[in-house]
$ cat query_20.cif   # mmCIF, C-alpha atoms
data_coords
loop_
_atom_site.label_atom_id
_atom_site.label_comp_id
_atom_site.auth_asym_id
_atom_site.auth_seq_id
_atom_site.Cartn_x
_atom_site.Cartn_y
_atom_site.Cartn_z
CA MET A 1 -13.27 -11.17 5.31
CA VAL A 2 -10.73 -8.33 5.44
CA ASN A 3 -9.33 -7.37 8.82
CA HIS A 4 -7.38 -4.63 10.53
CA VAL A 5 -4.72 -6.11 12.79
CA VAL A 6 -2.34 -3.96 14.83
CA HIS A 7 -1.26 -5.85 17.97
CA PRO A 8 -1.21 -9.60 17.21
CA THR A 9 1.15 -12.06 18.84
CA ASP A 10 3.53 -14.04 16.64
CA GLU A 11 1.31 -17.09 17.18
CA GLU A 12 -1.79 -15.17 16.08
CA ILE A 13 -0.01 -13.98 12.93
CA GLN A 14 0.87 -17.56 12.00
CA LEU A 15 -2.69 -18.72 12.72
CA LEU A 16 -4.27 -15.90 10.70
CA ALA A 17 -1.97 -16.51 7.74
CA ALA A 18 -2.56 -20.27 7.86
CA ARG A 19 -6.34 -19.72 7.85
CA GLY A 20 -6.15 -17.39 4.85
CA VAL A 21 -7.32 -14.31 6.72
CA ARG A 22 -6.73 -11.22 4.57
CA VAL A 23 -5.40 -8.11 6.32
CA THR A 24 -5.11 -4.43 5.52
CA HIS A 25 -2.32 -2.15 6.61
CA ASN A 26 -3.86 1.22 7.52
CA PRO A 27 -0.87 3.34 8.57
CA LEU A 28 -2.56 6.75 8.31
CA SER A 29 -5.60 5.61 10.28
CA ASN A 30 -3.41 3.89 12.88
CA MET A 31 -1.30 7.02 13.31
CA ARG A 32 -4.34 9.30 13.56
CA LEU A 33 -6.02 7.06 16.13
CA ALA A 34 -2.74 6.32 17.97
CA SER A 35 -3.59 2.63 17.75
CA GLY A 36 -0.06 1.42 17.05
CA VAL A 37 2.07 0.09 14.20
CA MET A 38 1.08 -3.11 12.42
CA PRO A 39 3.88 -5.69 12.25
CA ILE A 40 3.38 -5.91 8.48
CA GLU A 41 6.72 -7.64 7.84
CA LYS A 42 5.74 -10.55 10.10
CA PHE A 43 2.49 -10.95 8.18
CA GLN A 44 4.40 -10.89 4.89
CA GLN A 45 6.88 -13.49 6.15
CA ALA A 46 3.97 -15.70 7.28
CA GLY A 47 2.52 -15.58 3.78
CA ALA A 48 -0.61 -13.58 4.60
CA LYS A 49 -2.49 -11.66 1.93
CA ILE A 50 -1.94 -7.95 2.68
CA GLY A 51 -3.23 -4.78 1.08
CA LEU A 52 -3.14 -1.09 1.92
CA GLY A 53 -6.28 0.42 3.40
CA LEU A 54 -7.50 3.99 3.68
CA ASP A 55 -10.06 3.24 6.44
CA GLY A 56 -12.49 5.92 5.29
CA GLY A 57 -13.53 7.77 8.44
CA ALA A 58 -10.08 7.82 10.05
CA ASN A 59 -8.23 9.02 6.96
CA ASP A 60 -9.06 12.56 5.98
CA THR A 61 -7.58 12.68 2.48
CA SER A 62 -8.27 9.30 0.80
CA ASP A 63 -4.94 9.88 -0.95
CA MET A 64 -3.28 6.61 -2.01
CA PHE A 65 0.01 8.38 -2.74
CA ASN A 66 0.11 9.63 0.85
CA LEU A 67 -0.88 6.17 2.09
CA MET A 68 1.97 4.46 0.21
CA ARG A 69 4.46 7.03 1.60
CA ALA A 70 3.15 6.46 5.11
CA ALA A 71 3.34 2.67 4.76
CA VAL A 72 7.01 2.88 3.82
CA GLY A 73 7.96 5.69 6.20
CA LEU A 74 6.24 4.30 9.27
CA GLN A 75 8.04 0.96 9.03
CA ARG A 76 11.38 2.65 8.29
CA ALA A 77 10.94 4.81 11.39
CA LYS A 78 9.88 1.85 13.53
CA HIS A 79 12.82 -0.34 12.47
CA LEU A 80 15.38 2.45 11.88
CA ASP A 81 16.11 0.72 8.58
CA ALA A 82 15.60 2.15 5.08
CA SER A 83 15.30 -1.37 3.66
CA ALA A 84 12.48 -2.42 6.01
CA TYR A 85 9.36 -4.02 4.53
CA PRO A 86 7.52 -2.58 2.73
CA THR A 87 10.01 -1.06 0.32
CA VAL A 88 8.73 1.46 -2.22
CA GLU A 89 8.22 -1.37 -4.70
CA ASP A 90 6.32 -3.36 -2.08
CA ALA A 91 4.12 -0.36 -1.25
CA LEU A 92 3.11 0.03 -4.91
CA TRP A 93 2.37 -3.71 -5.08
CA LEU A 94 0.34 -3.58 -1.83
CA ALA A 95 -1.68 -0.67 -3.24
CA THR A 96 -2.46 -2.55 -6.48
CA MET A 97 -2.19 -6.35 -6.48
CA GLY A 98 -2.21 -6.59 -2.69
CA GLY A 99 -5.48 -4.69 -2.59
CA ALA A 100 -6.92 -6.90 -5.32
CA GLU A 101 -5.90 -10.06 -3.43
CA VAL A 102 -7.35 -8.81 -0.14
CA LEU A 103 -10.65 -8.17 -1.94
CA GLY A 104 -10.50 -11.60 -3.62
CA MET A 105 -10.49 -9.89 -7.03
CA GLN A 106 -6.92 -10.64 -8.17
CA GLU A 107 -8.18 -12.45 -11.28
CA ARG A 108 -10.03 -9.31 -12.45
CA ILE A 109 -8.06 -6.27 -11.22
CA GLY A 110 -4.76 -5.13 -9.73
CA SER A 111 -2.37 -5.40 -12.67
CA LEU A 112 -2.19 -4.66 -16.36
CA THR A 113 -2.61 -8.25 -17.49
CA PRO A 114 -4.49 -9.57 -20.54
CA GLY A 115 -8.03 -10.51 -19.53
CA LYS A 116 -8.17 -8.16 -16.53
CA GLN A 117 -9.90 -4.81 -16.34
CA ALA A 118 -7.50 -2.11 -17.47
CA ASP A 119 -7.71 0.45 -14.68
CA LEU A 120 -5.15 3.18 -15.34
CA LEU A 121 -3.97 6.46 -13.91
CA ILE A 122 -2.09 8.74 -16.27
CA ILE A 123 0.39 10.74 -14.23
CA ASP A 124 2.01 14.02 -15.33
CA PRO A 125 5.61 13.84 -14.12
CA ALA A 126 6.47 17.26 -15.60
CA THR A 127 5.87 18.99 -12.29
CA LEU A 128 8.27 20.25 -9.65
CA ASN A 129 7.39 17.51 -7.14
CA PHE A 130 8.75 14.87 -9.59
CA ALA A 131 12.19 16.46 -9.94
CA PRO A 132 14.74 15.00 -10.29
CA ARG A 133 13.45 11.99 -12.23
CA ILE A 134 15.75 9.10 -11.33
CA ASP A 135 13.79 6.08 -10.06
CA TRP A 136 10.20 6.13 -11.33
CA VAL A 137 8.73 3.79 -8.70
CA SER A 138 10.33 5.81 -5.89
CA GLN A 139 9.20 9.03 -7.51
CA LEU A 140 5.62 7.77 -7.74
CA VAL A 141 5.49 6.53 -4.13
CA PHE A 142 7.43 9.35 -2.46
CA ASN A 143 6.54 12.28 -4.70
CA GLY A 144 3.19 11.46 -6.30
CA GLN A 145 0.27 13.69 -5.40
CA PRO A 146 -3.37 13.70 -6.52
CA HIS A 147 -2.81 16.83 -8.62
CA ASN A 148 -0.35 14.83 -10.78
CA VAL A 149 -3.21 12.61 -12.03
CA GLU A 150 -4.17 13.78 -15.51
CA TRP A 151 -6.53 10.97 -16.53
CA VAL A 152 -8.25 8.01 -14.92
CA PHE A 153 -9.48 5.07 -17.01
CA VAL A 154 -11.59 2.36 -15.37
CA ALA A 155 -12.25 -1.05 -16.99
#
$ encode --input "query_20.cif" --output "structure tokens"
Amino acid sequence: MVNHVVHPTDEEIQLLAARGVRVTHNPLSNMRLASGVMPIEKFQQAGAKIGLGLDGGANDTSDMFNLMRAAVGLQRAKHLDASAYPTVEDALWLATMGGAEVLGMQERIGSLTPGKQADLLIIDPATLNFAPRIDWVSQLVFNGQPHNVEWVFVA
């Protein structure tokens, strides 16, 4: 079972992680609904399986680029720390492998690994929103937009 969790106690976080409960971080939905900020770093430190979630009805765009930006930015704003979890690298991982783990599909999807389905997005970085091109992971998370997607290959 996958769960939304926004206001757990430290004890509940430890219990959920120990029981293998999988959680989704839904920053855009939580901001829209004014439901609070998930303590995602505490879940990560407890060893919980975490993925990013769009939460359908409470997220108007279904834009994973926007979701990754929000996941990073919300925690940075909460902690007043640019190195807060999730970093840009963590956000990309949460959107790919984290999502696969939360769904219990990590053996089939989530990374480009021999034997897994090869789900790919081909991104066109030759657009103004990708300038300047310095750190590709940061550029993808902070600057990526749906119109940059040129091709999508599934399985």
$ resolve_selection --input "query_20.cif" --expression "the PyMOL selection byres ((chain A and resi 4) around 10)" --output "PDB file with C-alpha atoms, in the coordinates of the input"
ATOM      1  CA  VAL A   2     -10.730  -8.330   5.440  1.00  0.00           C
ATOM      2  CA  ASN A   3      -9.330  -7.370   8.820  1.00  0.00           C
ATOM      3  CA  VAL A   5      -4.720  -6.110  12.790  1.00  0.00           C
ATOM      4  CA  VAL A   6      -2.340  -3.960  14.830  1.00  0.00           C
ATOM      5  CA  HIS A   7      -1.260  -5.850  17.970  1.00  0.00           C
ATOM      6  CA  ARG A  22      -6.730 -11.220   4.570  1.00  0.00           C
ATOM      7  CA  VAL A  23      -5.400  -8.110   6.320  1.00  0.00           C
ATOM      8  CA  THR A  24      -5.110  -4.430   5.520  1.00  0.00           C
ATOM      9  CA  HIS A  25      -2.320  -2.150   6.610  1.00  0.00           C
ATOM     10  CA  ASN A  26      -3.860   1.220   7.520  1.00  0.00           C
ATOM     11  CA  ASN A  30      -3.410   3.890  12.880  1.00  0.00           C
ATOM     12  CA  MET A  38       1.080  -3.110  12.420  1.00  0.00           C
ATOM     13  CA  GLY A  53      -6.280   0.420   3.400  1.00  0.00           C
ATOM     14  CA  ASP A  55     -10.060   3.240   6.440  1.00  0.00           C
TER      15      ASP A  55
END
$ axis_aligned_box --input "query_20.cif" --around "region 85-100 of chain A" --padding-each-side "8 Å" --output "lines of an AutoDock Vina configuration file"
center_x = 1.5
center_y = -2.7
center_z = -1.0
size_x = 32.9
size_y = 24.4
size_z = 27.0
$ residues_around --input "query_20.cif" --residues "region 143-153 of chain A" --least-positions-apart "6" --cutoff "12 Å" --atoms "only C-alpha atoms" --output "ChimeraX atom specification"
/A:61-70,88,92,117-137
$ atom_distance --input "query_20.cif" --atom1 "CA of Arg19 (chain A)" --atom2 "CA of Ile40 (chain A)"
16.9 Å
$ closest_residue --input "query_20.cif" --among "A:Leu52, A:Lys42, A:Phe142, A:Gln75" --to "Glu101 (chain A)" --atoms "only C-alpha atoms"
A:Leu52
$ atom_distance --input "query_20.cif" --atom1 "CA of Tyr85 (chain A)" --atom2 "CA of Arg108 (chain A)"
26.3 Å
$ resolve_selection --input "query_20.cif" --expression "the PyMOL selection byres ((chain A and resi 20) around 12)" --output "mmCIF file with C-alpha atoms, in the frame of the given file"
data_model
loop_
_atom_site.group_PDB
_atom_site.id
_atom_site.type_symbol
_atom_site.label_atom_id
_atom_site.label_comp_id
_atom_site.auth_asym_id
_atom_site.auth_seq_id
_atom_site.Cartn_x
_atom_site.Cartn_y
_atom_site.Cartn_z
ATOM 1 C CA MET A 1 -13.270 -11.170 5.310
ATOM 2 C CA VAL A 2 -10.730 -8.330 5.440
ATOM 3 C CA ASN A 3 -9.330 -7.370 8.820
ATOM 4 C CA ILE A 13 -0.010 -13.980 12.930
ATOM 5 C CA GLN A 14 0.870 -17.560 12.000
ATOM 6 C CA LEU A 15 -2.690 -18.720 12.720
ATOM 7 C CA LEU A 16 -4.270 -15.900 10.700
ATOM 8 C CA ALA A 17 -1.970 -16.510 7.740
ATOM 9 C CA ALA A 18 -2.560 -20.270 7.860
ATOM 10 C CA ARG A 19 -6.340 -19.720 7.850
ATOM 11 C CA VAL A 21 -7.320 -14.310 6.720
ATOM 12 C CA ARG A 22 -6.730 -11.220 4.570
ATOM 13 C CA VAL A 23 -5.400 -8.110 6.320
ATOM 14 C CA PHE A 43 2.490 -10.950 8.180
ATOM 15 C CA ALA A 46 3.970 -15.700 7.280
ATOM 16 C CA GLY A 47 2.520 -15.580 3.780
ATOM 17 C CA ALA A 48 -0.610 -13.580 4.600
ATOM 18 C CA LYS A 49 -2.490 -11.660 1.930
ATOM 19 C CA ILE A 50 -1.940 -7.950 2.680
ATOM 20 C CA GLU A 101 -5.900 -10.060 -3.430
ATOM 21 C CA VAL A 102 -7.350 -8.810 -0.140
ATOM 22 C CA GLY A 104 -10.500 -11.600 -3.620
#
$ atom_distance --input "query_20.cif" --atom1 "CA of Leu103 (chain A)" --atom2 "CA of Ser83 (chain A)"
27.4 Å
$ closest_residue --input "query_20.cif" --among "A:Asp90, A:Glu107, A:Lys78, A:Val141" --to "Gly36 (chain A)" --atoms "all atoms listed in the file"
A:Lys78
$ closest_residue --input "query_20.cif" --among "A:Ala100, A:Arg32, A:Pro86, A:Val37" --to "Asp60 (chain A)" --atoms "all atoms listed in the file"
A:Arg32
$ resolve_selection --input "query_20.cif" --expression "the PyMOL selection byres ((chain A and resi 110) around 6)" --output "mmCIF file with C-alpha atoms, in the coordinates of the input"
data_model
loop_
_atom_site.group_PDB
_atom_site.id
_atom_site.type_symbol
_atom_site.label_atom_id
_atom_site.label_comp_id
_atom_site.auth_asym_id
_atom_site.auth_seq_id
_atom_site.Cartn_x
_atom_site.Cartn_y
_atom_site.Cartn_z
ATOM 1 C CA THR A 96 -2.460 -2.550 -6.480
ATOM 2 C CA MET A 97 -2.190 -6.350 -6.480
ATOM 3 C CA ALA A 100 -6.920 -6.900 -5.320
ATOM 4 C CA ILE A 109 -8.060 -6.270 -11.220
ATOM 5 C CA SER A 111 -2.370 -5.400 -12.670
#
$ closest_residue --input "query_20.cif" --among "A:Ala34, A:Val154, A:Ala84, A:Pro39" --to "Leu112 (chain A)" --atoms "all atoms listed in the file"
A:Val154
$ closest_residue --input "query_20.cif" --among "A:Val72, A:Leu94, A:Met105, A:Leu140" --to "Gln44 (chain A)" --atoms "only C-alpha atoms"
A:Leu94
